[in-house]
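**Student:** So that you have it, the file is input.csv, and it contains CSV, C-alpha atoms:
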chain,number,residue,atom,x,y,z
A,87,MET,CA,104.4,117.2,109.9
A,88,LEU,CA,101.9,114.3,109.7
A,89,SER,CA,101.3,114.4,113.4
A,90,ARG,CA,100.5,118.1,113.2
A,91,GLU,CA,98.2,117.6,110.2
A,92,LEU,CA,96.3,114.7,111.8
A,93,PHE,CA,96.4,115.5,115.5
A,94,ALA,CA,97.5,119.2,115.8
A,95,ALA,CA,100.4,118.1,118.0
A,96,ASP,CA,104.1,117.2,117.8
A,97,LEU,CA,104.3,113.5,118.3
A,98,THR,CA,106.9,110.9,117.4
A,99,LEU,CA,105.6,108.0,115.3
A,100,ALA,CA,105.8,105.8,118.3
A,101,GLU,CA,103.5,108.2,120.2
A,102,PHE,CA,100.8,108.2,117.5
A,103,PRO,CA,97.5,106.9,118.8
A,104,ARG,CA,96.2,103.8,117.1
A,105,VAL,CA,93.4,105.0,114.8
A,106,LYS,CA,92.4,102.3,112.4
A,107,SER,CA,89.5,104.4,111.1
A,108,LEU,CA,92.0,106.8,109.5
A,109,ARG,CA,93.0,105.6,106.1
A,110,GLY,CA,96.3,106.4,104.5
A,111,LEU,CA,98.2,105.6,101.4
A,112,GLY,CA,102.0,105.6,100.7
A,113,ILE,CA,103.5,106.3,97.3
A,114,SER,CA,106.8,104.3,97.4
A,115,ASP,CA,107.3,105.0,101.1
A,116,SER,CA,110.4,103.7,102.9
A,117,HIS,CA,109.7,100.7,105.1
A,118,VAL,CA,111.4,102.6,107.9
A,119,TYR,CA,108.1,104.4,108.5
A,120,ALA,CA,105.7,102.6,106.3
A,121,ASP,CA,105.6,99.5,108.6
A,122,ARG,CA,104.9,101.8,111.6
A,123,LEU,CA,102.2,103.7,109.9
A,124,ALA,CA,100.5,100.4,109.0
A,125,ALA,CA,100.5,99.6,112.8
A,126,LYS,CA,98.8,102.9,113.6
A,127,PHE,CA,96.3,103.4,110.8
A,128,ASP,CA,94.4,101.7,108.0
A,129,TYR,CA,97.5,102.3,105.8
A,130,ARG,CA,99.1,100.6,102.9
A,131,ASN,CA,102.2,101.3,100.8
A,132,THR,CA,102.3,101.1,97.0
A,133,PHE,CA,104.8,101.2,94.2
A,134,PHE,CA,105.0,102.1,90.6
A,135,ASP,CA,107.4,99.3,89.5
A,136,ARG,CA,106.3,96.4,91.8
A,137,GLU,CA,103.4,95.0,93.7
A,138,PRO,CA,101.3,96.4,95.2
A,139,ARG,CA,101.2,98.7,92.2
A,140,LEU,CA,99.7,102.1,91.9
A,141,ASP,CA,100.4,104.9,89.4
A,142,ILE,CA,99.7,108.2,91.1
A,143,ALA,CA,99.3,109.8,87.7
A,144,SER,CA,96.4,107.4,86.8
A,145,PRO,CA,94.9,106.0,90.0
A,146,PRO,CA,92.1,103.4,89.5
A,147,GLU,CA,88.6,104.7,90.1
A,148,ASP,CA,87.9,102.3,93.0
A,149,GLU,CA,90.8,103.9,94.9
A,150,CYS,CA,89.6,107.5,94.5
A,151,GLY,CA,88.1,109.5,97.4
A,152,ARG,CA,89.1,106.8,99.9
A,153,TYR,CA,92.0,108.3,101.8
A,154,ASP,CA,92.4,110.7,104.8
A,155,PHE,CA,96.1,111.2,103.9
A,156,VAL,CA,98.6,110.4,101.2
A,157,VAL,CA,102.3,110.4,101.7
A,158,CYS,CA,104.4,111.1,98.6
A,159,SER,CA,108.1,111.6,99.5
A,160,GLU,CA,110.8,112.1,96.8
A,161,VAL,CA,108.6,110.8,94.0
A,162,LEU,CA,107.2,113.7,92.0
A,163,GLU,CA,110.6,114.7,90.5
A,164,HIS,CA,110.7,111.3,88.8
A,165,VAL,CA,107.2,111.1,87.4
A,166,LEU,CA,106.9,111.1,83.6
A,167,PRO,CA,105.5,114.3,82.0
A,168,PRO,CA,103.0,115.8,82.1
A,169,VAL,CA,103.5,116.0,85.8
A,170,GLU,CA,100.1,117.7,86.3
A,171,ASN,CA,98.5,114.2,86.1
A,172,ALA,CA,100.3,113.1,89.2
A,173,PHE,CA,99.1,116.1,91.2
A,174,ARG,CA,95.5,115.6,90.0
A,175,GLY,CA,95.8,111.9,90.8
A,176,ALA,CA,96.9,112.6,94.4
A,177,ALA,CA,93.9,114.9,94.8
A,178,ARG,CA,91.5,112.3,93.4
A,179,LEU,CA,92.8,109.7,95.9
A,180,LEU,CA,91.9,111.9,98.9
A,181,LYS,CA,88.6,112.4,100.7
A,182,PRO,CA,87.1,115.9,100.5
A,183,ASN,CA,89.0,116.9,103.7
A,184,GLY,CA,92.1,114.8,103.1
A,185,VAL,CA,95.8,116.0,103.2
A,186,LEU,CA,98.7,115.3,100.9
A,187,VAL,CA,102.1,115.2,102.7
A,188,LEU,CA,105.0,115.5,100.2
A,189,THR,CA,108.7,116.2,99.8
A,190,THR,CA,110.5,116.9,96.6
A,191,PRO,CA,113.6,118.8,95.6
A,192,TYR,CA,112.7,122.4,94.5
A,193,SER,CA,114.4,125.7,93.9
A,194,LEU,CA,113.5,129.3,94.3
A,195,GLU,CA,113.8,130.0,90.6
A,196,ALA,CA,110.9,131.5,88.6
A,197,SER,CA,109.8,128.2,87.0
A,198,THR,CA,110.3,124.4,87.0
A,199,ALA,CA,113.2,123.0,85.0
A,200,GLU,CA,111.6,120.2,83.0
A,201,HIS,CA,114.6,118.2,81.7
A,202,TYR,CA,112.8,116.0,79.1
A,203,PRO,CA,109.4,117.7,78.3
A,204,GLU,CA,108.7,115.5,75.3
A,205,LEU,CA,109.6,112.2,76.9
A,206,HIS,CA,107.6,109.5,75.2
A,207,GLU,CA,109.4,106.3,74.0
A,208,PHE,CA,112.8,106.3,75.6
A,209,GLY,CA,115.7,104.1,76.8
A,210,LEU,CA,119.2,104.3,78.3
A,211,ALA,CA,122.4,103.4,76.5
A,212,GLN,CA,126.1,103.2,77.2
A,213,VAL,CA,128.0,105.3,74.7
A,214,GLY,CA,131.7,106.0,74.9
A,215,GLY,CA,131.9,105.0,78.5
A,216,GLY,CA,129.0,107.3,79.5
A,217,LEU,CA,125.2,106.9,79.9
A,218,VAL,CA,122.8,108.7,77.5
A,219,LEU,CA,119.1,108.9,77.4
A,220,VAL,CA,117.5,108.3,73.9
A,221,ASN,CA,113.9,109.5,73.4
A,222,ARG,CA,111.5,109.4,70.4
A,223,THR,CA,108.9,112.1,70.8
A,224,LYS,CA,105.2,111.6,69.9
A,225,THR,CA,105.9,113.3,66.6
A,226,GLY,CA,108.8,110.9,65.8
A,227,GLU,CA,111.7,113.2,66.5
A,228,LEU,CA,114.8,111.5,67.9
A,229,GLN,CA,116.4,113.2,71.0
A,230,VAL,CA,119.6,112.3,72.8
A,231,PHE,CA,120.4,113.6,76.3
A,232,ASP,CA,123.9,113.2,77.8
A,233,ARG,CA,124.6,112.3,81.4
A,234,PRO,CA,121.1,112.0,82.9
A,235,VAL,CA,120.9,112.5,86.7
A,236,PHE,CA,119.8,109.7,89.0
A,237,HIS,CA,118.8,109.8,92.6
A,238,VAL,CA,119.5,106.7,94.8
A,239,GLY,CA,116.6,105.8,97.1
A,240,CYS,CA,115.2,102.9,99.0
A,241,GLY,CA,113.9,101.4,95.7
A,242,GLY,CA,117.1,101.9,93.8
A,243,PRO,CA,118.2,104.6,91.3
A,244,ALA,CA,115.5,106.7,89.7
A,245,MET,CA,116.1,109.3,86.9
A,246,GLU,CA,115.4,112.9,87.8
A,247,VAL,CA,112.9,114.2,85.2
A,248,ARG,CA,112.6,117.8,86.6
A,249,GLU,CA,113.5,120.2,89.3
A,250,PHE,CA,110.4,122.1,90.6
A,251,SER,CA,110.3,125.7,91.6
A,252,GLU,CA,108.4,126.6,94.8
A,253,ASP,CA,106.0,128.9,92.9
A,254,ALA,CA,105.3,126.1,90.3
A,255,LEU,CA,104.6,123.6,93.1
A,256,LYS,CA,102.1,125.9,94.7
A,257,ALA,CA,100.4,126.6,91.4
A,258,LEU,CA,100.2,122.8,90.5
A,259,LEU,CA,98.6,122.0,93.9
A,260,ALA,CA,96.1,124.9,93.6
A,261,ASP,CA,95.2,123.9,90.1
A,262,SER,CA,94.7,120.3,91.2
A,263,GLY,CA,92.0,121.2,93.8
A,264,PHE,CA,94.0,121.7,97.0
A,265,SER,CA,92.6,124.7,98.8
A,266,SER,CA,95.5,125.3,101.2
A,267,VAL,CA,99.2,124.7,101.0
A,268,GLN,CA,101.6,124.9,103.9
A,269,ILE,CA,105.4,124.8,103.6
A,270,TYR,CA,106.9,123.5,106.9
A,271,SER,CA,109.9,125.9,107.2
A,272,GLY,CA,110.2,126.0,111.0
A,273,ASP,CA,112.8,124.3,113.1
A,274,CYS,CA,111.9,121.6,115.6
A,275,PRO,CA,115.1,120.9,117.5
A,276,GLU,CA,113.6,118.4,120.0
A,277,PHE,CA,112.8,116.2,116.9
A,278,GLY,CA,116.3,116.8,115.4
A,279,ILE,CA,114.8,119.1,112.7
A,280,VAL,CA,117.0,122.2,112.0
A,281,ARG,CA,116.7,123.8,108.6
A,282,LYS,CA,119.9,124.9,106.8
A,283,GLU,CA,118.2,126.1,103.6
A,284,ASN,CA,114.9,127.7,102.7
A,285,TRP,CA,114.1,125.5,99.8
A,286,SER,CA,113.1,121.8,99.3
A,287,LEU,CA,111.1,121.9,102.5
A,288,PRO,CA,108.2,119.5,103.3
A,289,ILE,CA,104.8,120.5,102.2
A,290,ALA,CA,101.2,119.7,103.3
A,291,ALA,CA,98.4,120.4,100.9
A,292,ARG,CA,94.7,120.1,101.9
A,293,LYS,CA,91.6,119.7,99.9
A,294,GLY,CA,89.5,121.1,102.8
A,295,GLU,CA,89.4,121.7,106.5
A,296,PHE,CA,90.4,118.5,108.3
A,297,ALA,CA,88.0,117.1,110.9
A,298,LEU,CA,88.1,113.8,112.7
A,299,GLY,CA,85.1,111.6,112.2
A,300,PRO,CA,83.3,110.1,115.2
A,301,ASP,CA,85.0,106.7,114.8
A,302,SER,CA,88.4,108.3,114.8
A,303,ALA,CA,87.7,110.5,117.8
A,304,ARG,CA,86.4,107.6,119.7
A,305,GLU,CA,89.5,105.5,118.9
A,306,ILE,CA,91.8,108.3,120.1
A,307,LEU,CA,89.8,108.7,123.4
A,308,GLU,CA,90.0,104.9,124.0
A,309,HIS,CA,93.7,104.9,123.2
A,310,TRP,CA,94.4,107.7,125.8
A,311,ARG,CA,92.1,106.1,128.4
A,312,GLU,CA,94.1,102.8,128.1
A,313,LEU,CA,97.3,104.7,128.5
A,314,ASN,CA,96.0,106.4,131.7
A,315,ARG,CA,94.8,103.0,133.0
A,316,SER,CA,98.3,101.5,132.3
A,317,VAL,CA,100.0,104.4,134.2
A,318,ALA,CA,97.5,104.0,137.1
A,319,ARG,CA,98.2,100.2,137.3
A,320,LEU,CA,102.0,101.0,137.4
A,321,GLY,CA,101.5,103.6,140.1
A,322,ARG,CA,100.0,100.9,142.4
A,323,LYS,CA,103.2,98.9,142.3
A,324,TRP,CA,105.6,99.6,145.1
A,325,TRP,CA,108.7,99.4,142.8
A,326,PHE,CA,107.2,102.0,140.5
A,327,ARG,CA,106.5,104.3,143.4
A,328,ALA,CA,110.0,103.8,144.8
A,329,GLY,CA,111.6,104.4,141.4
A,330,HIS,CA,109.6,107.5,140.9
A,331,LYS,CA,110.6,108.9,144.3
A,332,LEU,CA,114.3,108.2,143.4
A,333,GLY,CA,113.9,109.9,140.1
A,334,LEU,CA,114.6,106.8,138.1
A,335,VAL,CA,111.2,106.7,136.3
When written as structure tokens, how does the structure in this file appear?
**Tutor:**
Amino acid sequence: MLSRELFAADLTLAEFPRVKSLRGLGISDSHVYADRLAAKFDYRNTFFDREPRLDIASPPEDECGRYDFVVCSEVLEHVLPPVENAFRGAARLLKPNGVLVLTTPYSLEASTAEHYPELHEFGLAQVGGGLVLVNRTKTGELQVFDRPVFHVGCGGPAMEVREFSEDALKALLADSGFSSVQIYSGDCPEFGIVRKENWSLPIAARKGEFALGPDSAREILEHWRELNRSVARLGRKWWFRAGHKLGLV
């Protein structure tokens, strides 16, 4: 999805050109791909609960408008209410033509299921061998919720605060300033992507039409020229020519 949004082509991460003039931001990204993105772009990963810290619901002003892309995978279902702040924060972080790439569990129901809409001052407690969530609302009301649901990710367990609906996600993105929303529902078997369900699919949301700047375009051209030169140098070696003739390379 990211390769299509940035380069309009299906590429593995290893095949991405090195374009350090493209700036990206990760919101609790897995190191499995965060390290590789950092090698390709001017990219850094951030976290809510540890350094380097960034709260997507309240990004610092000096971070706003700086990024060509933001990756936010399996995060938004855990953000404290009101979740609208997180969507607006993501939009603020992006440049006018930037793209938000996100995944989050969602259903095809009519509306989002907000589990704890008045979450304010809260904590977890063991009661009778089970876990409960205790919350005090802004008005002072005490609430108790039995058996909260946790998702286990690369950063440890995180409490599910909501389950979005597809329609609600689209509305939240539109209201936050994204002009186009694309749900990636198609299969891509050569990349091992085969959809079994038609919900909880990856989404790309754009603030405007994407266009590579001159610095990025130049870097991509230089990258491909260097690849072509490398192939040409290999082609001059007798062992490469022999291997090619034998079908080994």
**Student:** Have a look at A:Pro182, A:His206, A:Asn171, A:Cys274 and name the one nearest to Asp96 of chain A; count only C-alpha atoms.
**Tutor:** A:Cys274
**Student:** To one decimal place, how far is atom CA of Gln212 of chain A from atom CA of Glu227 of chain A in Å?
**Tutor:**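 So the answer is 20.5 Å.
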**Student:** Can you work out the spacing between atom CA of Met245 of chain A and atom CA of Ala290 of chain A in Å, to one decimal?
**Tutor:**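 Atom CA of Ala290 of chain A lies 24.5 Å from atom CA of Met245 of chain A.
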**Student:** Go through A:Ala172, A:Leu255, A:Leu188, A:Ala211 one by one, measure the shortest atom-to-atom distance of each to Pro234 of chain A using only C-alpha atoms, and give the residue with the smallest value.
**Tutor:** A:Ala211
**Student:** Nearest to Glu101 of chain A: which of A:Val165, A:Val156, A:Glu252, A:Trp310 is it, counting only C-alpha atoms?
**Tutor:** A:Trp310
**Student:** Which residue is closest to Gln229 of chain A? Choose from A:Glu207, A:Glu249, A:Asp135, A:Asp261 and count all atoms listed in the file.
**Tutor:**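 Closest candidate: A:Glu207.
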**Student:** My list of candidates is A:Arg311, A:Lys293, A:His237, A:Arg136. Which is closest to Arg178 of chain A when distances are computed with all atoms listed in the file?
**Tutor:**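 Counting all atoms listed in the file, the residue closest to Arg178 of chain A is A:Lys293.
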**Student:** Write out as a list in words the residues lying within 10 Å of Arg248 of chain A, counting all atoms listed in the file and excluding same-chain residues fewer than 3 positions away.
**Tutor:**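 With the cut-off at 10 Å, the set is Leu162, Glu163, His164, Val165, Leu166, Pro167, Val169, Pro191, Tyr192, Thr198, Ala199, Glu200, His201, Tyr202, Pro203, Val235, Met245 and Ser251 of chain A.
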**Student:** Give the answer as one residue: which of A:Glu204, A:Glu283, A:Glu160, A:Asp141 has the shortest atom-to-atom distance to Pro243 of chain A, using all atoms listed in the file?
**Tutor:**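 Between A:Glu204, A:Glu283, A:Glu160, A:Asp141, the residue approaching Pro243 of chain A most closely is A:Glu160.
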**Student:** Given the point (83.7, 111.7, 110.2) in the file's coordinates, find the residues that have an atom at most 12 Å from it, counting all atoms listed in the file, and give them as a list in words.
**Tutor:**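 Residues close enough to count: Ser107, Leu108, Arg109, Asp154, Lys181, Pro182, Asn183, Gly184, Phe296, Ala297, Leu298, Gly299, Pro300, Asp301, Ser302, Ala303 and Arg304 of chain A.
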**Student:** Using all atoms listed in the file, collect all residues at a distance of at most 9 Å from (119.8, 109.8, 75.5) as written in the file, then present them as a list in words.
**Tutor:**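 Selection result: Phe208, Gly209, Leu210, Ala211, Leu217, Val218, Leu219, Val220, Asn221, Gln229, Val230, Phe231, Asp232, Arg233 and Pro234 of chain A.
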**Student:** Provide the atom CA of Glu149 of chain A to atom CA of Phe133 of chain A distance in Å, to one decimal place.
**Tutor:**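 Straight-line distance from atom CA of Glu149 of chain A to atom CA of Phe133 of chain A works out to 14.3 Å.
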**Student:** For Phe102 of chain A, work out the shell of residues within 9 Å, counting only C-alpha atoms and skipping chain neighbours fewer than 2 positions away, then give it as a ChimeraX atom specification.
**Tutor:** /A:89,93,97-100,104-105,123,126
**Student:** Within 12 Å of Glu137 of chain A, counting all atoms listed in the file, which residues qualify if same-chain residues fewer than 5 places away don't, as a compact mmCIF listing (two decimals) with C-alpha atoms, in the frame of the given file?
**Tutor:**
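For reference, part.txt as written:
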# COMPACT_ATOMS: atom_id res chain seq x y z
CA ILE A 113 103.50 106.30 97.30
CA SER A 114 106.80 104.30 97.40
CA ARG A 130 99.10 100.60 102.90
CA ASN A 131 102.20 101.30 100.80
CA THR A 132 102.30 101.10 97.00
**Student:** Which residues come within 8 Å of Val187 of chain A, counting all atoms listed in the file, excluding same-chain residues fewer than 4 positions away, as a list in words?
**Tutor:**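 Near Val187 of chain A, the qualifying residues are Met87, Leu88, Phe155, Val156, Val157, Cys158, Ser159, Pro288, Ile289, Ala290 and Ala291 of chain A.
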**Student:** N, CA and C atoms are what I want for segment 108-136 of chain A; can you complete it accordingly and write them as a short mmCIF file (atom, residue, chain, number, x, y, z; two decimals), in the frame of the given file?
**Tutor:**
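Generated file (out_6.cif):
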data_model
loop_
_atom_site.label_atom_id
_atom_site.label_comp_id
_atom_site.auth_asym_id
_atom_site.auth_seq_id
_atom_site.Cartn_x
_atom_site.Cartn_y
_atom_site.Cartn_z
N LEU A 108 91.30 105.89 110.42
CA LEU A 108 92.00 106.80 109.50
C LEU A 108 92.69 106.02 108.44
N ARG A 109 92.41 106.35 107.19
CA ARG A 109 93.00 105.60 106.10
C ARG A 109 94.05 106.39 105.37
N GLY A 110 95.21 105.76 105.20
CA GLY A 110 96.30 106.40 104.50
C GLY A 110 96.92 105.59 103.43
N LEU A 111 97.62 106.27 102.52
CA LEU A 111 98.20 105.60 101.40
C LEU A 111 99.66 106.13 101.20
N GLY A 112 100.59 105.21 101.02
CA GLY A 112 102.00 105.60 100.70
C GLY A 112 102.28 105.40 99.27
N ILE A 113 103.05 106.35 98.72
CA ILE A 113 103.50 106.30 97.30
C ILE A 113 105.01 105.99 97.38
N SER A 114 105.37 104.71 97.35
CA SER A 114 106.80 104.30 97.40
C SER A 114 107.44 104.75 98.73
N ASP A 115 106.72 104.63 99.84
CA ASP A 115 107.30 105.00 101.10
C ASP A 115 108.38 104.06 101.57
N SER A 116 109.31 104.58 102.34
CA SER A 116 110.40 103.70 102.90
C SER A 116 109.75 102.84 103.99
N HIS A 117 110.24 101.59 104.06
CA HIS A 117 109.70 100.70 105.10
C HIS A 117 110.05 101.15 106.48
N VAL A 118 111.02 102.07 106.62
CA VAL A 118 111.40 102.60 107.90
C VAL A 118 110.20 103.18 108.66
N TYR A 119 109.35 103.88 107.91
CA TYR A 119 108.10 104.40 108.50
C TYR A 119 106.86 103.81 108.02
N ALA A 120 106.90 103.16 106.86
CA ALA A 120 105.70 102.60 106.30
C ALA A 120 105.14 101.46 107.23
N ASP A 121 106.03 100.62 107.76
CA ASP A 121 105.60 99.50 108.60
C ASP A 121 104.94 100.11 109.92
N ARG A 122 105.50 101.20 110.42
CA ARG A 122 104.90 101.80 111.60
C ARG A 122 103.61 102.49 111.39
N LEU A 123 103.50 103.11 110.22
CA LEU A 123 102.20 103.70 109.90
C LEU A 123 101.13 102.65 109.74
N ALA A 124 101.49 101.50 109.19
CA ALA A 124 100.50 100.40 109.00
C ALA A 124 100.05 99.89 110.39
N ALA A 125 100.89 100.00 111.42
CA ALA A 125 100.50 99.60 112.80
C ALA A 125 99.56 100.56 113.43
N LYS A 126 99.59 101.80 112.97
CA LYS A 126 98.80 102.90 113.60
C LYS A 126 97.47 103.14 112.89
N PHE A 127 97.48 103.02 111.57
CA PHE A 127 96.30 103.40 110.80
C PHE A 127 95.91 102.29 109.82
N ASP A 128 94.81 102.52 109.13
CA ASP A 128 94.40 101.70 108.00
C ASP A 128 95.25 102.21 106.80
N TYR A 129 96.50 101.79 106.75
CA TYR A 129 97.50 102.30 105.80
C TYR A 129 98.08 101.21 104.99
N ARG A 130 98.33 101.50 103.72
CA ARG A 130 99.10 100.60 102.90
C ARG A 130 100.03 101.34 102.00
N ASN A 131 101.14 100.71 101.69
CA ASN A 131 102.20 101.30 100.80
C ASN A 131 102.06 100.74 99.44
N THR A 132 102.36 101.55 98.43
CA THR A 132 102.30 101.10 97.00
C THR A 132 103.50 101.54 96.26
N PHE A 133 103.67 100.95 95.07
CA PHE A 133 104.80 101.20 94.20
C PHE A 133 104.45 101.30 92.78
N PHE A 134 105.26 101.99 92.01
CA PHE A 134 105.00 102.10 90.60
C PHE A 134 105.55 100.91 89.81
N ASP A 135 106.67 100.34 90.31
CA ASP A 135 107.40 99.30 89.50
C ASP A 135 107.26 97.90 90.11
N ARG A 136 106.52 97.73 91.18
CA ARG A 136 106.30 96.40 91.80
C ARG A 136 105.07 96.36 92.59
#
